[in-house]
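So this block is protein-v7.pdb, PDB, C-alpha atoms and all ligand atoms:
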```
MODEL        1
ATOM      1  CA  MET A   1       9.929   8.472  17.244
ATOM      2  CA  THR A   2      11.771   6.406  14.649
ATOM      3  CA  GLU A   3       9.411   4.668  12.271
ATOM      4  CA  GLN A   4       9.318   3.143   8.810
ATOM      5  CA  THR A   5       7.137   3.926   5.815
ATOM      6  CA  LEU A   6       6.607   2.276   2.436
ATOM      7  CA  VAL A   7       7.390   4.612  -0.459
ATOM      8  CA  LEU A   8       6.770   3.856  -4.128
ATOM      9  CA  ILE A   9       8.020   5.781  -7.115
ATOM     10  CA  LYS A  10       5.138   4.966  -9.447
ATOM     11  CA  PRO A  11       5.607   4.031 -13.133
ATOM     12  CA  ASP A  12       5.228   7.668 -14.258
ATOM     13  CA  GLY A  13       8.043   8.764 -11.933
ATOM     14  CA  VAL A  14      10.364   5.990 -13.098
ATOM     15  CA  GLN A  15       9.505   6.544 -16.764
ATOM     16  CA  ARG A  16      10.105  10.298 -16.471
ATOM     17  CA  GLY A  17      13.518   9.837 -14.873
ATOM     18  CA  LEU A  18      12.542  11.210 -11.454
ATOM     19  CA  VAL A  19      14.029   8.381  -9.351
ATOM     20  CA  GLY A  20      17.180  10.313  -8.425
ATOM     21  CA  GLU A  21      15.192  13.485  -7.720
ATOM     22  CA  VAL A  22      12.785  11.705  -5.354
ATOM     23  CA  ILE A  23      15.530   9.821  -3.517
ATOM     24  CA  ALA A  24      17.577  13.030  -3.186
ATOM     25  CA  ARG A  25      14.616  14.775  -1.516
ATOM     26  CA  ILE A  26      14.134  11.837   0.876
ATOM     27  CA  GLU A  27      17.812  11.916   1.832
ATOM     28  CA  ARG A  28      18.004  15.708   2.129
ATOM     29  CA  LYS A  29      15.048  15.635   4.519
ATOM     30  CA  GLY A  30      17.166  13.454   6.807
ATOM     31  CA  LEU A  31      15.320  10.191   6.204
ATOM     32  CA  THR A  32      17.249   7.028   5.359
ATOM     33  CA  LEU A  33      16.718   4.070   3.032
ATOM     34  CA  ALA A  34      16.186   0.726   4.772
ATOM     35  CA  ALA A  35      15.314  -1.204   1.571
ATOM     36  CA  LEU A  36      15.103  -0.362  -2.130
ATOM     37  CA  GLU A  37      14.110  -2.378  -5.180
ATOM     38  CA  LEU A  38      13.088  -1.815  -8.802
ATOM     39  CA  ARG A  39      10.095  -4.041  -9.339
ATOM     40  CA  GLN A  40       7.503  -4.936 -11.978
ATOM     41  CA  VAL A  41       4.231  -5.098 -10.037
ATOM     42  CA  SER A  42       1.740  -7.917 -10.546
ATOM     43  CA  THR A  43      -2.000  -7.206 -10.607
ATOM     44  CA  GLU A  44      -2.272  -9.333  -7.436
ATOM     45  CA  LEU A  45       0.228  -7.195  -5.510
ATOM     46  CA  ALA A  46      -1.317  -3.979  -6.840
ATOM     47  CA  SER A  47      -4.839  -5.017  -5.735
ATOM     48  CA  GLU A  48      -3.571  -6.017  -2.289
ATOM     49  CA  HIS A  49      -1.683  -2.755  -1.944
ATOM     50  CA  TYR A  50      -4.687  -0.618  -2.946
ATOM     51  CA  ALA A  51      -7.345  -2.917  -1.368
ATOM     52  CA  GLU A  52      -8.919   0.063   0.457
ATOM     53  CA  HIS A  53      -9.890   1.510  -2.943
ATOM     54  CA  ALA A  54     -11.401  -1.711  -4.381
ATOM     55  CA  GLU A  55     -14.908  -0.215  -4.590
ATOM     56  CA  ARG A  56     -13.821   3.137  -6.044
ATOM     57  CA  PRO A  57     -14.644   3.921  -9.698
ATOM     58  CA  PHE A  58     -10.960   4.542 -10.489
ATOM     59  CA  PHE A  59      -9.746   1.170  -9.099
ATOM     60  CA  GLY A  60      -9.381  -0.507 -12.523
ATOM     61  CA  GLU A  61      -7.423   2.434 -13.940
ATOM     62  CA  LEU A  62      -5.279   2.543 -10.810
ATOM     63  CA  LEU A  63      -4.288  -1.140 -11.157
ATOM     64  CA  GLU A  64      -3.617  -0.702 -14.862
ATOM     65  CA  PHE A  65      -1.381   2.281 -14.151
ATOM     66  CA  ILE A  66       0.594   0.739 -11.274
ATOM     67  CA  THR A  67       1.291  -2.384 -13.347
ATOM     68  CA  SER A  68       2.131  -0.440 -16.530
ATOM     69  CA  GLY A  69       5.888  -0.306 -15.889
ATOM     70  CA  PRO A  70       8.466  -0.818 -13.161
ATOM     71  CA  VAL A  71       8.145   0.972  -9.824
ATOM     72  CA  VAL A  72      10.832   1.690  -7.255
ATOM     73  CA  ALA A  73       9.728   0.333  -3.873
ATOM     74  CA  MET A  74      11.497   1.576  -0.758
ATOM     75  CA  VAL A  75      11.319   1.322   2.979
ATOM     76  CA  VAL A  76      12.158   4.762   4.308
ATOM     77  CA  ALA A  77      13.097   5.200   7.952
ATOM     78  CA  GLY A  78      13.545   8.038  10.407
ATOM     79  CA  ASP A  79      11.921  10.273  12.955
ATOM     80  CA  ARG A  80       8.193  10.570  12.082
ATOM     81  CA  ALA A  81       8.998   9.052   8.668
ATOM     82  CA  ILE A  82       5.327   8.434   7.790
ATOM     83  CA  PRO A  83       4.075  12.062   7.998
ATOM     84  CA  ALA A  84       7.494  13.366   6.935
ATOM     85  CA  PHE A  85       7.299  11.591   3.580
ATOM     86  CA  ARG A  86       3.623  12.573   3.100
ATOM     87  CA  GLN A  87       4.783  16.163   3.590
ATOM     88  CA  LEU A  88       7.501  15.728   0.942
ATOM     89  CA  ALA A  89       4.989  14.126  -1.468
ATOM     90  CA  GLY A  90       2.259  16.778  -1.141
ATOM     91  CA  GLY A  91      -1.504  16.263  -1.541
ATOM     92  CA  THR A  92      -3.024  13.610  -3.792
ATOM     93  CA  ASP A  93      -4.107  16.056  -6.530
ATOM     94  CA  PRO A  94      -0.825  17.575  -7.793
ATOM     95  CA  VAL A  95      -2.480  20.847  -8.816
ATOM     96  CA  GLU A  96      -5.381  21.457  -6.404
ATOM     97  CA  LYS A  97      -3.805  20.004  -3.240
ATOM     98  CA  ALA A  98      -0.034  19.660  -3.559
ATOM     99  CA  THR A  99       1.873  22.908  -3.178
ATOM    100  CA  PRO A 100       5.028  23.920  -5.064
ATOM    101  CA  GLY A 101       8.078  22.574  -3.273
ATOM    102  CA  THR A 102       6.517  19.139  -2.872
ATOM    103  CA  ILE A 103       7.230  16.219  -5.215
ATOM    104  CA  ARG A 104       3.686  16.162  -6.616
ATOM    105  CA  GLY A 105       3.409  19.955  -6.628
ATOM    106  CA  ASP A 106       6.655  20.335  -8.560
ATOM    107  CA  PHE A 107       6.310  17.455 -11.033
ATOM    108  CA  GLY A 108       2.659  16.421 -11.400
ATOM    109  CA  LEU A 109      -0.403  17.534 -13.349
ATOM    110  CA  GLN A 110      -2.965  14.761 -12.867
ATOM    111  CA  THR A 111      -4.231  12.908  -9.787
ATOM    112  CA  GLN A 112      -3.836   9.567 -11.501
ATOM    113  CA  PHE A 113      -0.197  10.242 -12.357
ATOM    114  CA  ASN A 114       1.072  11.650  -9.086
ATOM    115  CA  ILE A 115       4.565  10.118  -9.088
ATOM    116  CA  VAL A 116       4.851   8.721  -5.561
ATOM    117  CA  HIS A 117       3.044   6.764  -2.890
ATOM    118  CA  GLY A 118       3.676   6.942   0.841
ATOM    119  CA  SER A 119       1.952   4.993   3.631
ATOM    120  CA  ASP A 120      -0.689   7.126   5.361
ATOM    121  CA  SER A 121      -0.604   5.709   8.931
ATOM    122  CA  PRO A 122       1.425   3.350  11.139
ATOM    123  CA  GLU A 123      -1.124   0.581  10.441
ATOM    124  CA  SER A 124      -0.855   1.092   6.656
ATOM    125  CA  ALA A 125       2.946   1.227   6.868
ATOM    126  CA  ALA A 126       3.158  -2.082   8.763
ATOM    127  CA  ARG A 127       0.749  -3.763   6.341
ATOM    128  CA  GLU A 128       2.442  -2.371   3.216
ATOM    129  CA  ILE A 129       6.024  -3.113   4.355
ATOM    130  CA  ALA A 130       5.033  -6.717   5.130
ATOM    131  CA  LEU A 131       3.381  -6.934   1.696
ATOM    132  CA  TRP A 132       6.258  -5.481  -0.357
ATOM    133  CA  PHE A 133       9.232  -6.655   1.701
ATOM    134  CA  PRO A 134       8.131  -9.827   3.513
ATOM    135  CA  SER A 135      11.709 -10.837   4.303
ATOM    136  CA  LEU A 136      12.519  -7.579   6.095
ATOM    137  CA  ASN A 137      12.722  -7.673   9.877
ATOM    138  CA  SER A 138      11.119  -4.580  11.328
TER
HETATM  139  P1  LIG B   1      -1.181   7.023  -2.510
HETATM  140  O1  LIG B   1      -2.033   6.038  -1.733
HETATM  141  O2  LIG B   1      -0.865   6.544  -3.904
HETATM  142  O3  LIG B   1       0.035   7.431  -1.723
HETATM  143  O4  LIG B   1      -1.974   8.386  -2.707
HETATM  144  P2  LIG B   1      -2.844   9.156  -1.639
HETATM  145  O5  LIG B   1      -2.802   8.441  -0.320
HETATM  146  O6  LIG B   1      -2.418  10.581  -1.671
HETATM  147  O7  LIG B   1      -4.270   9.051  -2.283
HETATM  148  P3  LIG B   1      -5.366   7.874  -2.159
HETATM  149  O8  LIG B   1      -6.645   8.519  -1.810
HETATM  150  O9  LIG B   1      -4.864   6.762  -1.298
HETATM  151  O10 LIG B   1      -5.468   7.378  -3.661
HETATM  152  C1  LIG B   1      -4.589   6.395  -4.154
HETATM  153  C2  LIG B   1      -4.197   6.733  -5.566
HETATM  154  O11 LIG B   1      -5.287   6.520  -6.443
HETATM  155  C3  LIG B   1      -5.220   7.449  -7.515
HETATM  156  N1  LIG B   1      -6.441   8.207  -7.544
HETATM  157  N2  LIG B   1      -7.070   8.475  -8.651
HETATM  158  N3  LIG B   1      -8.943   9.380 -10.547
HETATM  159  C4  LIG B   1      -9.098   9.706  -9.268
HETATM  160  O12 LIG B   1     -10.008  10.394  -8.863
HETATM  161  C5  LIG B   1      -8.133   9.193  -8.307
HETATM  162  N4  LIG B   1      -8.173   9.381  -7.004
HETATM  163  C6  LIG B   1      -7.087   8.748  -6.511
HETATM  164  C7  LIG B   1      -4.008   8.337  -7.291
HETATM  165  O13 LIG B   1      -2.908   7.782  -8.000
HETATM  166  C8  LIG B   1      -3.790   8.194  -5.804
HETATM  167  O14 LIG B   1      -2.464   8.468  -5.468
HETATM  168 MG    MG B   2      -3.216   6.374  -0.071
ENDMDL
END
```
Could you rewrite the structure in this file as structure tokens?
Amino acid sequence: MTEQTLVLIKPDGVQRGLVGEVIARIERKGLTLAALELRQVSTELASEHYAEHAERPFFGELLEFITSGPVVAMVVAGDRAIPAFRQLAGGTDPVEKATPGTIRGDFGLQTQFNIVHGSDSPESAAREIALWFPSLNS
């Protein structure tokens, strides 16, 4: 089933020059780009985006990190795009969970600096796409 997912290349990925690498992996998988923008994230947008983690001890650090430099925000589309991108990204902890061959497994060392975000369910994807790309018709 064709679906859309919200993908972010977080500030660490942009700063380390991994934008091309991440987009190449998305395209090689067979997924397509429906929207793409380099964006400086406000604290308001970051807190909305990560609202589910508001009570977590790392929330403050997470907001600080996501707003620390530009991110690349994308809407990625294709067959089972939501789980397909989560598969490309690998688990949240780049060492303990993500395996080699995934974006996090190949390029990450710390959970906080794990390079990419991808929506985790159809409900999250709809909410996040509306939040990041309100003008997009989906
Ligand atoms: P994301 O939302 O960014 O795609 O990552 P995820 O689904 O794999 O992981 P999630 O549980 O939603 O956590 C969101 C982000 O918060 C940071 N985090 N830090 N210090 C910590 O223990 C910790 N745990 C999570 C990571 O940047 C994670 O991607
Ligand atoms: Mg998440």
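Counting from CA of Val76 (chain A), the distance to atom O3 of ligand LIG 1 (chain B) is 13.8 Å.
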May I ask you to write as a PDB file with C-alpha atoms, in the frame of the given file all residues lying at most 6 Å from ligand LIG 1 (chain B), with all atoms listed in the file counted?
```
ATOM      1  CA  PHE A  58     -10.960   4.542 -10.489  1.00  0.00           C
ATOM      2  CA  LEU A  62      -5.279   2.543 -10.810  1.00  0.00           C
ATOM      3  CA  GLY A  91      -1.504  16.263  -1.541  1.00  0.00           C
ATOM      4  CA  THR A  92      -3.024  13.610  -3.792  1.00  0.00           C
ATOM      5  CA  THR A 111      -4.231  12.908  -9.787  1.00  0.00           C
ATOM      6  CA  GLN A 112      -3.836   9.567 -11.501  1.00  0.00           C
ATOM      7  CA  PHE A 113      -0.197  10.242 -12.357  1.00  0.00           C
ATOM      8  CA  ASN A 114       1.072  11.650  -9.086  1.00  0.00           C
ATOM      9  CA  HIS A 117       3.044   6.764  -2.890  1.00  0.00           C
ATOM     10  CA  GLY A 118       3.676   6.942   0.841  1.00  0.00           C
TER      11      GLY A 118
END
```
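Pairwise distance (CA of Ser42 (chain A), CA of Phe107 (chain A)) equals 25.8 Å.
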Checklist entry - Restricting the calculation to all atoms listed in the file, which member of A:Pro122, A:Pro134, A:Pro100, A:Gly30 is positioned closest to Asp79 (chain A)? => result A:Gly30
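If you measure from each of A:Leu45, A:Ala24, A:Ala34, A:Leu136 to Gln4 (chain A) using all atoms listed in the file, the closest one turns out to be A:Ala34.
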I'd like the neighbourhood of Ala73 (chain A) as an mmCIF file with C-alpha atoms, in the frame of the given file, where a residue qualifies if any of its atoms comes within 9 Å (using all atoms listed in the file), though same-chain residues fewer than 2 positions away should be ignored.
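To be explicit, this is the file written out as around.cif:
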```
data_model
loop_
_atom_site.group_PDB
_atom_site.id
_atom_site.type_symbol
_atom_site.label_atom_id
_atom_site.label_comp_id
_atom_site.auth_asym_id
_atom_site.auth_seq_id
_atom_site.Cartn_x
_atom_site.Cartn_y
_atom_site.Cartn_z
ATOM 1 C CA LEU A 6 6.607 2.276 2.436
ATOM 2 C CA VAL A 7 7.390 4.612 -0.459
ATOM 3 C CA LEU A 8 6.770 3.856 -4.128
ATOM 4 C CA ILE A 9 8.020 5.781 -7.115
ATOM 5 C CA LYS A 10 5.138 4.966 -9.447
ATOM 6 C CA ALA A 35 15.314 -1.204 1.571
ATOM 7 C CA LEU A 36 15.103 -0.362 -2.130
ATOM 8 C CA GLU A 37 14.110 -2.378 -5.180
ATOM 9 C CA LEU A 38 13.088 -1.815 -8.802
ATOM 10 C CA ARG A 39 10.095 -4.041 -9.339
ATOM 11 C CA VAL A 71 8.145 0.972 -9.824
ATOM 12 C CA VAL A 75 11.319 1.322 2.979
ATOM 13 C CA TRP A 132 6.258 -5.481 -0.357
ATOM 14 C CA PHE A 133 9.232 -6.655 1.701
#
```
Item to check | Protein and nucleic acid residues within 10 Å of ligand MG 2 (chain B) (all atoms listed in the file) as a ChimeraX atom specification | outcome: /A:49-50,52-53,86,92,117-121,124
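Rounded to one decimal, CA of Arg28 (chain A) and CA of Leu131 (chain A) lie 27.0 Å from each other.
Each of A:Gly13, A:Leu31, A:Ala84, A:Thr5 was compared to Val116 (chain A) using only C-alpha atoms, and A:Gly13 turns out to be the nearest.
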Checklist entry - Using all atoms listed in the file, which residues sit within 12 Å of Thr99 (chain A) once same-chain residues fewer than 4 positions away are excluded, as JSON, numbers by chain? => result {"A": [87, 88, 89, 90, 91, 92, 93, 94, 95, 103, 104, 105, 106, 107, 108, 109]}
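Among the candidates A:Ala54, A:Gln110, A:Arg16, A:Pro11, the residue lying nearest to Thr67 (chain A) is A:Pro11 (atoms considered: all atoms listed in the file).
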Next on the checklist: Residues near Met1 (chain A), anyone? I mean within 9 Å using only C-alpha atoms, not counting same-chain ones fewer than 3 positions away, as a ChimeraX atom specification.
Outcome noted: /A:78-81
Next on the checklist: Could you list, as number ranges by chain, every residue within 9 Å of Ser68 (chain A), counting all atoms listed in the file and ignoring same-chain residues fewer than 4 positions away?
Outcome noted: A: 11-12, 40-41, 63-64
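Distances here use all atoms listed in the file; by that measure, the residue among A:Glu48, A:Glu21, A:Glu3, A:Glu27 closest to Arg127 (chain A) is A:Glu48.
Each of A:Ala77, A:Ala98, A:Val14, A:Ile26 was checked against Ala125 (chain A) using only C-alpha atoms; the smallest atom-to-atom distance is that of A:Ala77.
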